[in-house]
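Coordinates from data18.cif are shown below (mmCIF, C-alpha atoms).
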data_my_file
#
loop_
_atom_site.group_PDB
_atom_site.id
_atom_site.type_symbol
_atom_site.label_atom_id
_atom_site.label_comp_id
_atom_site.auth_asym_id
_atom_site.auth_seq_id
_atom_site.Cartn_x
_atom_site.Cartn_y
_atom_site.Cartn_z
ATOM 1 C CA MET A 27 8.585 28.761 -52.464
ATOM 2 C CA ALA A 28 6.311 29.470 -55.409
ATOM 3 C CA ALA A 29 6.659 25.824 -56.407
ATOM 4 C CA CYS A 30 5.074 24.826 -53.084
ATOM 5 C CA THR A 31 2.008 27.049 -53.528
ATOM 6 C CA GLY A 32 -1.079 24.909 -53.878
ATOM 7 C CA CYS A 33 0.529 21.939 -52.135
ATOM 8 C CA GLN A 34 -1.190 20.170 -49.279
ATOM 9 C CA VAL A 35 0.316 18.258 -46.398
ATOM 10 C CA GLU A 36 -2.002 16.050 -44.387
ATOM 11 C CA LEU A 37 -1.219 14.102 -41.258
ATOM 12 C CA ARG A 38 -3.440 11.718 -39.306
ATOM 13 C CA LEU A 39 -2.467 11.477 -35.665
ATOM 14 C CA PRO A 40 -3.732 9.376 -32.785
ATOM 15 C CA ASN A 41 -5.870 11.515 -30.485
ATOM 16 C CA ARG A 42 -3.355 11.255 -27.653
ATOM 17 C CA PRO A 43 -1.206 13.807 -25.787
ATOM 18 C CA GLU A 44 2.114 12.254 -26.768
ATOM 19 C CA PHE A 45 1.424 12.998 -30.444
ATOM 20 C CA VAL A 46 0.817 16.735 -30.062
ATOM 21 C CA ALA A 47 4.572 17.330 -30.260
ATOM 22 C CA VAL A 48 4.577 15.429 -33.571
ATOM 23 C CA ALA A 49 1.928 17.811 -34.948
ATOM 24 C CA ARG A 50 3.980 20.812 -33.800
ATOM 25 C CA LEU A 51 7.143 19.465 -35.403
ATOM 26 C CA ALA A 52 5.423 18.673 -38.699
ATOM 27 C CA VAL A 53 3.785 22.067 -39.052
ATOM 28 C CA SER A 54 6.969 23.914 -38.096
ATOM 29 C CA ALA A 55 8.822 22.041 -40.855
ATOM 30 C CA VAL A 56 6.175 23.103 -43.382
ATOM 31 C CA ALA A 57 6.295 26.719 -42.172
ATOM 32 C CA CYS A 58 10.091 26.686 -42.355
ATOM 33 C CA ARG A 59 9.912 25.515 -45.971
ATOM 34 C CA MET A 60 7.602 28.478 -46.697
ATOM 35 C CA ASN A 61 10.242 30.863 -45.278
ATOM 36 C CA PHE A 62 8.263 32.037 -42.269
ATOM 37 C CA ASP A 63 10.531 33.757 -39.767
ATOM 38 C CA ILE A 64 11.340 32.026 -36.491
ATOM 39 C CA GLU A 65 8.871 34.127 -34.501
ATOM 40 C CA ALA A 66 5.995 33.239 -36.836
ATOM 41 C CA ILE A 67 6.981 29.568 -36.756
ATOM 42 C CA GLU A 68 6.835 29.626 -32.966
ATOM 43 C CA ASP A 69 3.372 31.270 -33.142
ATOM 44 C CA ILE A 70 2.174 28.545 -35.511
ATOM 45 C CA LYS A 71 3.581 25.791 -33.298
ATOM 46 C CA VAL A 72 1.752 27.107 -30.235
ATOM 47 C CA ALA A 73 -1.521 27.578 -32.129
ATOM 48 C CA VAL A 74 -1.394 24.075 -33.623
ATOM 49 C CA GLY A 75 -0.527 22.604 -30.232
ATOM 50 C CA GLU A 76 -3.543 24.350 -28.697
ATOM 51 C CA ALA A 77 -5.849 23.194 -31.490
ATOM 52 C CA CYS A 78 -4.658 19.614 -30.920
ATOM 53 C CA ASN A 79 -5.196 20.034 -27.164
ATOM 54 C CA ASN A 80 -8.799 21.039 -27.912
ATOM 55 C CA ALA A 81 -9.201 18.035 -30.211
ATOM 56 C CA ILE A 82 -7.956 15.720 -27.464
ATOM 57 C CA GLU A 83 -10.232 17.324 -24.885
ATOM 58 C CA HIS A 84 -13.367 17.437 -27.039
ATOM 59 C CA GLY A 85 -12.665 14.676 -29.548
ATOM 60 C CA CYS A 86 -13.478 11.000 -29.348
ATOM 61 C CA PRO A 87 -12.104 9.135 -26.357
ATOM 62 C CA ALA A 88 -9.065 7.017 -27.174
ATOM 63 C CA SER A 89 -11.100 3.831 -26.683
ATOM 64 C CA SER A 90 -13.726 4.699 -29.321
ATOM 65 C CA GLY A 91 -11.763 3.337 -32.263
ATOM 66 C CA SER A 92 -12.012 6.544 -34.303
ATOM 67 C CA GLU A 93 -9.615 8.540 -32.242
ATOM 68 C CA MET A 94 -7.783 10.509 -34.918
ATOM 69 C CA ILE A 95 -6.769 14.118 -35.277
ATOM 70 C CA ILE A 96 -6.440 15.230 -38.877
ATOM 71 C CA LEU A 97 -3.945 18.026 -39.426
ATOM 72 C CA ARG A 98 -3.951 19.607 -42.868
ATOM 73 C CA CYS A 99 -1.654 22.329 -44.146
ATOM 74 C CA ASP A 100 -2.625 24.239 -47.279
ATOM 75 C CA LEU A 101 0.331 26.111 -48.692
ATOM 76 C CA GLU A 102 -1.300 29.158 -50.211
ATOM 77 C CA GLU A 103 0.175 32.166 -51.955
ATOM 78 C CA GLY A 104 1.675 34.201 -49.117
ATOM 79 C CA ALA A 105 -0.069 32.273 -46.353
ATOM 80 C CA LEU A 106 -0.236 28.957 -44.565
ATOM 81 C CA ALA A 107 -3.712 27.666 -43.758
ATOM 82 C CA ILE A 108 -3.843 24.923 -41.153
ATOM 83 C CA THR A 109 -6.900 22.860 -40.337
ATOM 84 C CA VAL A 110 -7.146 20.651 -37.260
ATOM 85 C CA ARG A 111 -10.153 18.350 -37.233
ATOM 86 C CA ASP A 112 -11.417 15.810 -34.739
ATOM 87 C CA SER A 113 -14.272 13.345 -34.873
ATOM 88 C CA GLY A 114 -15.741 13.989 -31.450
ATOM 89 C CA ASP A 115 -19.117 15.303 -30.341
ATOM 90 C CA GLY A 116 -18.165 18.899 -31.075
ATOM 91 C CA PHE A 117 -18.785 21.976 -28.974
ATOM 92 C CA ASP A 118 -20.189 25.433 -29.431
ATOM 93 C CA PRO A 119 -17.249 27.818 -29.960
ATOM 94 C CA ALA A 120 -19.468 30.789 -29.115
ATOM 95 C CA THR A 121 -20.080 29.527 -25.597
ATOM 96 C CA ALA A 122 -16.779 27.769 -25.009
ATOM 97 C CA THR A 123 -14.732 28.933 -22.055
ATOM 98 C CA ARG A 124 -12.118 31.460 -22.998
ATOM 99 C CA GLN A 125 -10.152 34.200 -21.385
ATOM 100 C CA ARG A 126 -10.437 37.682 -22.787
ATOM 101 C CA PRO A 127 -7.294 39.494 -23.872
ATOM 102 C CA SER A 128 -8.355 42.628 -22.033
ATOM 103 C CA GLY A 129 -10.224 43.521 -18.907
ATOM 104 C CA THR A 130 -9.989 42.013 -15.471
ATOM 105 C CA VAL A 131 -7.643 39.084 -15.153
ATOM 106 C CA THR A 132 -9.223 36.137 -13.438
ATOM 107 C CA LEU A 133 -7.268 33.252 -12.020
ATOM 108 C CA SER A 134 -8.831 30.752 -14.380
ATOM 109 C CA GLU A 135 -7.011 27.611 -15.427
ATOM 110 C CA ARG A 136 -9.186 27.137 -18.514
ATOM 111 C CA GLY A 137 -9.875 28.980 -21.734
ATOM 112 C CA LEU A 138 -6.282 30.027 -22.300
ATOM 113 C CA GLY A 139 -5.820 27.854 -25.381
ATOM 114 C CA MET A 140 -8.426 29.549 -27.546
ATOM 115 C CA LEU A 141 -7.149 32.956 -26.502
ATOM 116 C CA LEU A 142 -3.646 31.958 -27.607
ATOM 117 C CA ILE A 143 -4.863 30.637 -30.960
ATOM 118 C CA GLU A 144 -6.831 33.804 -31.687
ATOM 119 C CA SER A 145 -3.938 36.042 -30.615
ATOM 120 C CA LEU A 146 -1.165 34.268 -32.502
ATOM 121 C CA MET A 147 -2.839 33.580 -35.847
ATOM 122 C CA ASP A 148 -4.107 36.081 -38.440
ATOM 123 C CA GLU A 149 -7.426 34.324 -39.091
ATOM 124 C CA VAL A 150 -9.222 31.711 -37.013
ATOM 125 C CA ASP A 151 -12.495 29.923 -37.752
ATOM 126 C CA PHE A 152 -14.089 27.344 -35.496
ATOM 127 C CA SER A 153 -16.811 25.143 -36.854
ATOM 128 C CA SER A 154 -18.559 22.338 -35.100
ATOM 129 C CA SER A 155 -21.690 20.336 -35.543
ATOM 130 C CA PRO A 156 -23.263 17.625 -33.412
ATOM 131 C CA GLY A 157 -21.779 14.227 -34.151
ATOM 132 C CA ASP A 158 -19.458 15.606 -36.795
ATOM 133 C CA GLY A 159 -16.586 16.790 -34.671
ATOM 134 C CA THR A 160 -14.885 20.142 -34.547
ATOM 135 C CA GLN A 161 -12.713 21.870 -37.083
ATOM 136 C CA VAL A 162 -10.354 24.747 -36.428
ATOM 137 C CA ARG A 163 -8.980 26.578 -39.447
ATOM 138 C CA MET A 164 -6.105 28.945 -38.786
ATOM 139 C CA VAL A 165 -4.240 31.145 -41.231
ATOM 140 C CA LYS A 166 -0.829 32.729 -40.803
ATOM 141 C CA ARG A 167 0.244 35.187 -43.458
ATOM 142 C CA LEU A 168 3.829 35.602 -44.556
ATOM 143 C CA ARG A 169 5.123 39.007 -43.618
ATOM 144 C CA THR A 170 7.021 40.954 -46.222
ATOM 145 C CA THR A 171 10.519 42.181 -45.467
ATOM 146 C CA GLU A 172 9.124 45.677 -44.815
ATOM 147 C CA GLU A 173 6.625 44.327 -42.274
ATOM 148 C CA ARG A 174 9.290 42.484 -40.229
ATOM 149 C CA MET B 203 7.073 6.796 -25.105
ATOM 150 C CA GLY B 204 8.584 8.142 -21.904
ATOM 151 C CA ASN B 205 7.867 11.794 -21.276
ATOM 152 C CA THR B 206 11.170 12.446 -19.531
ATOM 153 C CA VAL B 207 12.788 12.993 -22.935
ATOM 154 C CA ASN B 208 10.854 16.234 -23.495
ATOM 155 C CA LEU B 209 10.818 17.643 -19.978
ATOM 156 C CA GLN B 210 13.093 17.420 -17.001
ATOM 157 C CA VAL B 211 11.929 18.662 -13.616
ATOM 158 C CA HIS B 212 14.525 19.546 -10.987
ATOM 159 C CA THR B 213 13.460 20.425 -7.447
ATOM 160 C CA ARG B 214 15.516 21.623 -4.525
ATOM 161 C CA CYS B 215 14.561 22.885 -1.084
ATOM 162 C CA VAL B 216 15.816 26.234 0.169
ATOM 163 C CA ASP B 217 14.357 26.160 3.694
ATOM 164 C CA THR B 218 11.434 24.523 5.458
ATOM 165 C CA GLN B 219 8.853 26.513 3.448
ATOM 166 C CA THR B 220 10.627 27.468 0.239
ATOM 167 C CA ALA B 221 11.513 25.279 -2.730
ATOM 168 C CA VAL B 222 12.777 25.805 -6.260
ATOM 169 C CA VAL B 223 11.314 23.939 -9.221
ATOM 170 C CA GLU B 224 13.235 24.148 -12.470
ATOM 171 C CA PHE B 225 11.655 23.065 -15.741
ATOM 172 C CA GLU B 226 13.951 22.134 -18.590
ATOM 173 C CA GLY B 227 12.444 21.344 -21.994
ATOM 174 C CA GLU B 228 8.903 21.319 -23.302
ATOM 175 C CA MET B 229 5.852 21.717 -21.073
ATOM 176 C CA ASP B 230 2.763 20.618 -22.940
ATOM 177 C CA VAL B 231 -0.342 18.477 -22.574
ATOM 178 C CA TYR B 232 1.822 15.356 -22.448
ATOM 179 C CA THR B 233 4.570 16.446 -20.073
ATOM 180 C CA THR B 234 2.703 18.833 -17.766
ATOM 181 C CA PRO B 235 1.246 16.028 -15.583
ATOM 182 C CA GLN B 236 4.836 15.189 -14.644
ATOM 183 C CA ALA B 237 5.442 18.834 -13.684
ATOM 184 C CA LYS B 238 2.176 18.984 -11.748
ATOM 185 C CA GLU B 239 3.083 15.877 -9.791
ATOM 186 C CA ALA B 240 6.373 17.463 -8.722
ATOM 187 C CA MET B 241 4.590 20.650 -7.623
ATOM 188 C CA LEU B 242 1.899 18.765 -5.685
ATOM 189 C CA ASP B 243 4.565 16.668 -3.991
ATOM 190 C CA LEU B 244 6.228 19.841 -2.719
ATOM 191 C CA LEU B 245 2.879 21.242 -1.519
ATOM 192 C CA ASP B 246 2.149 17.982 0.317
ATOM 193 C CA LYS B 247 5.490 18.325 2.085
ATOM 194 C CA GLY B 248 4.598 21.817 3.282
ATOM 195 C CA TYR B 249 6.497 23.945 0.782
ATOM 196 C CA HIS B 250 4.142 26.819 0.049
ATOM 197 C CA HIS B 251 6.684 29.319 -1.214
ATOM 198 C CA LEU B 252 7.673 28.161 -4.670
ATOM 199 C CA VAL B 253 10.204 29.512 -7.130
ATOM 200 C CA VAL B 254 9.529 28.258 -10.653
ATOM 201 C CA ASN B 255 12.613 28.665 -12.792
ATOM 202 C CA LEU B 256 11.665 28.799 -16.477
ATOM 203 C CA GLN B 257 15.070 29.836 -17.771
ATOM 204 C CA ARG B 258 15.568 26.517 -19.558
ATOM 205 C CA ALA B 259 11.937 25.971 -20.526
ATOM 206 C CA GLU B 260 11.766 25.760 -24.321
ATOM 207 C CA TYR B 261 8.029 25.524 -24.870
ATOM 208 C CA LEU B 262 4.965 26.058 -22.753
ATOM 209 C CA ASP B 263 1.295 25.651 -23.660
ATOM 210 C CA SER B 264 -2.064 26.436 -22.056
ATOM 211 C CA THR B 265 -2.000 23.157 -20.124
ATOM 212 C CA ALA B 266 1.205 24.243 -18.419
ATOM 213 C CA LEU B 267 -0.100 27.778 -17.858
ATOM 214 C CA GLY B 268 -3.246 26.285 -16.307
ATOM 215 C CA MET B 269 -1.148 24.075 -14.046
ATOM 216 C CA LEU B 270 0.871 27.086 -12.879
ATOM 217 C CA VAL B 271 -2.320 29.072 -12.215
ATOM 218 C CA GLY B 272 -3.770 26.139 -10.259
ATOM 219 C CA THR B 273 -0.606 25.830 -8.187
ATOM 220 C CA LEU B 274 -0.539 29.575 -7.553
ATOM 221 C CA LYS B 275 -4.102 29.405 -6.218
ATOM 222 C CA ARG B 276 -3.207 26.507 -3.929
ATOM 223 C CA VAL B 277 -0.103 28.107 -2.431
ATOM 224 C CA ARG B 278 -1.890 31.413 -1.864
ATOM 225 C CA GLU B 279 -4.690 29.584 -0.045
ATOM 226 C CA GLN B 280 -1.961 28.322 2.283
ATOM 227 C CA GLY B 281 -0.510 31.796 2.786
ATOM 228 C CA GLY B 282 2.345 31.175 0.364
ATOM 229 C CA ASP B 283 3.262 32.443 -3.084
ATOM 230 C CA LEU B 284 4.735 31.355 -6.390
ATOM 231 C CA ARG B 285 7.269 33.409 -8.328
ATOM 232 C CA LEU B 286 8.442 32.803 -11.877
ATOM 233 C CA VAL B 287 12.080 33.235 -12.830
ATOM 234 C CA ALA B 288 13.539 34.287 -16.166
ATOM 235 C CA PRO B 289 10.926 33.128 -18.655
ATOM 236 C CA PRO B 290 12.472 33.205 -22.161
ATOM 237 C CA PRO B 291 11.032 35.888 -24.493
ATOM 238 C CA ARG B 292 8.732 33.402 -26.251
ATOM 239 C CA ILE B 293 7.180 32.268 -22.989
ATOM 240 C CA ARG B 294 7.010 35.792 -21.643
ATOM 241 C CA ARG B 295 5.024 36.712 -24.751
ATOM 242 C CA LEU B 296 2.464 33.996 -23.944
ATOM 243 C CA LEU B 297 2.244 35.301 -20.375
ATOM 244 C CA GLU B 298 1.587 38.761 -21.799
ATOM 245 C CA ILE B 299 -1.091 37.580 -24.251
ATOM 246 C CA THR B 300 -2.926 35.766 -21.469
ATOM 247 C CA ARG B 301 -2.276 38.695 -19.102
ATOM 248 C CA LEU B 302 -0.830 36.253 -16.607
ATOM 249 C CA VAL B 303 2.161 38.567 -16.532
ATOM 250 C CA ASN B 304 -0.026 40.621 -14.170
ATOM 251 C CA VAL B 305 -0.814 37.615 -12.003
ATOM 252 C CA PHE B 306 2.575 35.976 -11.467
ATOM 253 C CA PRO B 307 5.435 37.868 -9.831
ATOM 254 C CA ILE B 308 8.389 37.525 -12.220
ATOM 255 C CA ASP B 309 12.042 37.864 -11.234
ATOM 256 C CA ALA B 310 15.232 37.953 -13.245
ATOM 257 C CA SER B 311 17.100 35.451 -11.109
ATOM 258 C CA GLU B 312 16.449 32.517 -8.832
ATOM 259 C CA GLN B 313 18.337 34.264 -6.032
ATOM 260 C CA GLU B 314 16.124 37.346 -6.279
ATOM 261 C CA ALA B 315 12.947 35.248 -6.195
ATOM 262 C CA THR B 316 14.178 33.128 -3.300
ATOM 263 C CA GLU B 317 15.104 36.172 -1.242
ATOM 264 C CA LYS B 318 11.672 37.737 -1.778
ATOM 265 C CA LEU B 319 9.851 34.538 -0.859
ATOM 266 C CA THR B 320 12.026 33.970 2.208
ATOM 267 C CA GLN B 321 11.263 37.525 3.315
ATOM 268 C CA GLU B 322 7.526 36.941 2.761
ATOM 269 C CA GLY B 323 7.769 33.744 4.799
ATOM 270 C CA MET B 324 9.365 35.573 7.712
ATOM 271 C CA GLU B 325 6.700 38.270 7.609
ATOM 272 C CA SER B 326 3.764 35.860 7.479
#
Could you rewrite the structure in this file as structure tokens?
Amino acid sequence: MAACTGCQVELRLPNRPEFVAVARLAVSAVACRMNFDIEAIEDIKVAVGEACNNAIEHGCPASSGSEMIILRCDLEEGALAITVRDSGDGFDPATATRQRPSGTVTLSERGLGMLLIESLMDEVDFSSSPGDGTQVRMVKRLRTTEER
Amino acid sequence: MGNTVNLQVHTRCVDTQTAVVEFEGEMDVYTTPQAKEAMLDLLDKGYHHLVVNLQRAEYLDSTALGMLVGTLKRVREQGGDLRLVAPPPRIRRLLEITRLVNVFPIDASEQEATEKLTQEGMES
């Protein structure tokens, strides 16, 4: 795996629902190559799927001509950093709808995606600026044998 | 790209109010509309007691969770209920993270869920 450290994998995907599964498959293959365990790979797949869902919801409409999701994997020492970027109008992560992991459960159909991303990944950063799209950077650290 | 490759939806009616919906495969932003259509079709036909069998569901995202929450709200408005059956450990974990494990009744088997819903139907 050490030979892979420092490598980057970048994928440009159409901003359409049928390509979210492609993003999940690609990132799970990268995580597998880094020797993540199956549970961590499943966490990464869900988080990447949710980030792509957000990009589809908030990114450019498919008719705009710039409807791409850019998925980048940075293979770092002991961690996989994944960035999902869209070219939409952006949104304010601080005020975005999200469910809270504790407290009263409300029957809300929205906000579950961000909660899943934040729960499944070790580090999550949202950044967004008007006219420059939204970027979600997520990091999953490799667990040592003792931690498993 | 047909979405039937990733998800298969099987429905069957138990009685005049109760139906079983079984999802097999991946439920995500692409395939969930197909699942939602099947659920709404059952609601339109008067089935307000739904058993959702997740035993063969391989993947489920927030779109699918949102669809299930929306359906649960609809059936409860009609005096019905929705019970989940045998979610695999991965999906159960997502239900726990989102605390939806406290919202959806979950049963180990389709028979158990059906019996409870049939009983609820008789009592209502």
Set the distance at 10 Å and use only C-alpha atoms: which residues neighbour Leu142 (chain A) once local chain neighbours fewer than 2 positions away are removed? I'd like the list as a PyMOL selection string. (chain A and resi 69+72-73+76-77+124-125+127+137-140+144-147) or (chain B and resi 263-264+296-297+299-300)
Mind listing as number ranges by chain which residues of chain B are within 6 Å of chain A, counting all atoms listed in the file? B: 231-232, 264, 268, 271
Explicit residues for the PyMOL selection byres ((chain B and resi 208-211) around 8) (as a VMD selection string): chain B and resid 205 to 207 212 to 213 223 to 229 233 236 to 237 240
Just say which residues the PyMOL selection byres ((chain A and resi 54) around 12) picks in this file, as a PyMOL selection string. chain A and resi 47-53+55-75+99+106+108
Excluding same-chain residues fewer than 5 positions from Arg285 (chain B), what lies within 12 Å of it counting all atoms listed in the file, as a PyMOL selection string? chain B and resi 220-224+250-256+270-271+273-274+277-278+302-320+322
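Note on the selection: in this file the PyMOL selection byres ((chain A and resi 159) around 6) comes out as Asp112, Ser113, Gly114, Asp115, Gly116, Ser154, Gly157, Asp158 and Thr160 of chain A.
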In the coordinate frame of the file, compute which residues have an atom within 6 Å of (-5.0, 17.9, -39.1) when using only C-alpha atoms, and state them as a ChimeraX atom specification. /A:37,95-98,109-111
Those selected residues, please, written with C-alpha atoms and delivered as an mmCIF file, keeping the file's coordinate frame.
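Produced file selection_38.cif, reproduced below:
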data_model
loop_
_atom_site.group_PDB
_atom_site.id
_atom_site.type_symbol
_atom_site.label_atom_id
_atom_site.label_comp_id
_atom_site.auth_asym_id
_atom_site.auth_seq_id
_atom_site.Cartn_x
_atom_site.Cartn_y
_atom_site.Cartn_z
ATOM 1 C CA LEU A 37 -1.219 14.102 -41.258
ATOM 2 C CA ILE A 95 -6.769 14.118 -35.277
ATOM 3 C CA ILE A 96 -6.440 15.230 -38.877
ATOM 4 C CA LEU A 97 -3.945 18.026 -39.426
ATOM 5 C CA ARG A 98 -3.951 19.607 -42.868
ATOM 6 C CA THR A 109 -6.900 22.860 -40.337
ATOM 7 C CA VAL A 110 -7.146 20.651 -37.260
ATOM 8 C CA ARG A 111 -10.153 18.350 -37.233
#
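Atom to atom, CA of Leu267 (chain B) and CA of Met324 (chain B) stand 28.4 Å apart.
Relative to CA of Ala107 (chain A), CA of Leu168 (chain A) is found at 11.0 Å.
Put simply, CA of Lys247 (chain B) is 13.1 Å away from CA of Val216 (chain B).
Of the listed residues (A:Arg169, A:Glu149, A:Gln161, A:Val35), A:Val35 comes nearest to Leu101 (chain A); the distances count all atoms listed in the file.
Using all atoms listed in the file, every residue with an atom at most 9 Å from the point (-14.2, 31.2, -36.9) is listed here: Pro119, Glu149, Val150, Asp151, Phe152, Ser153, Val162, Arg163 and Met164 of chain A.
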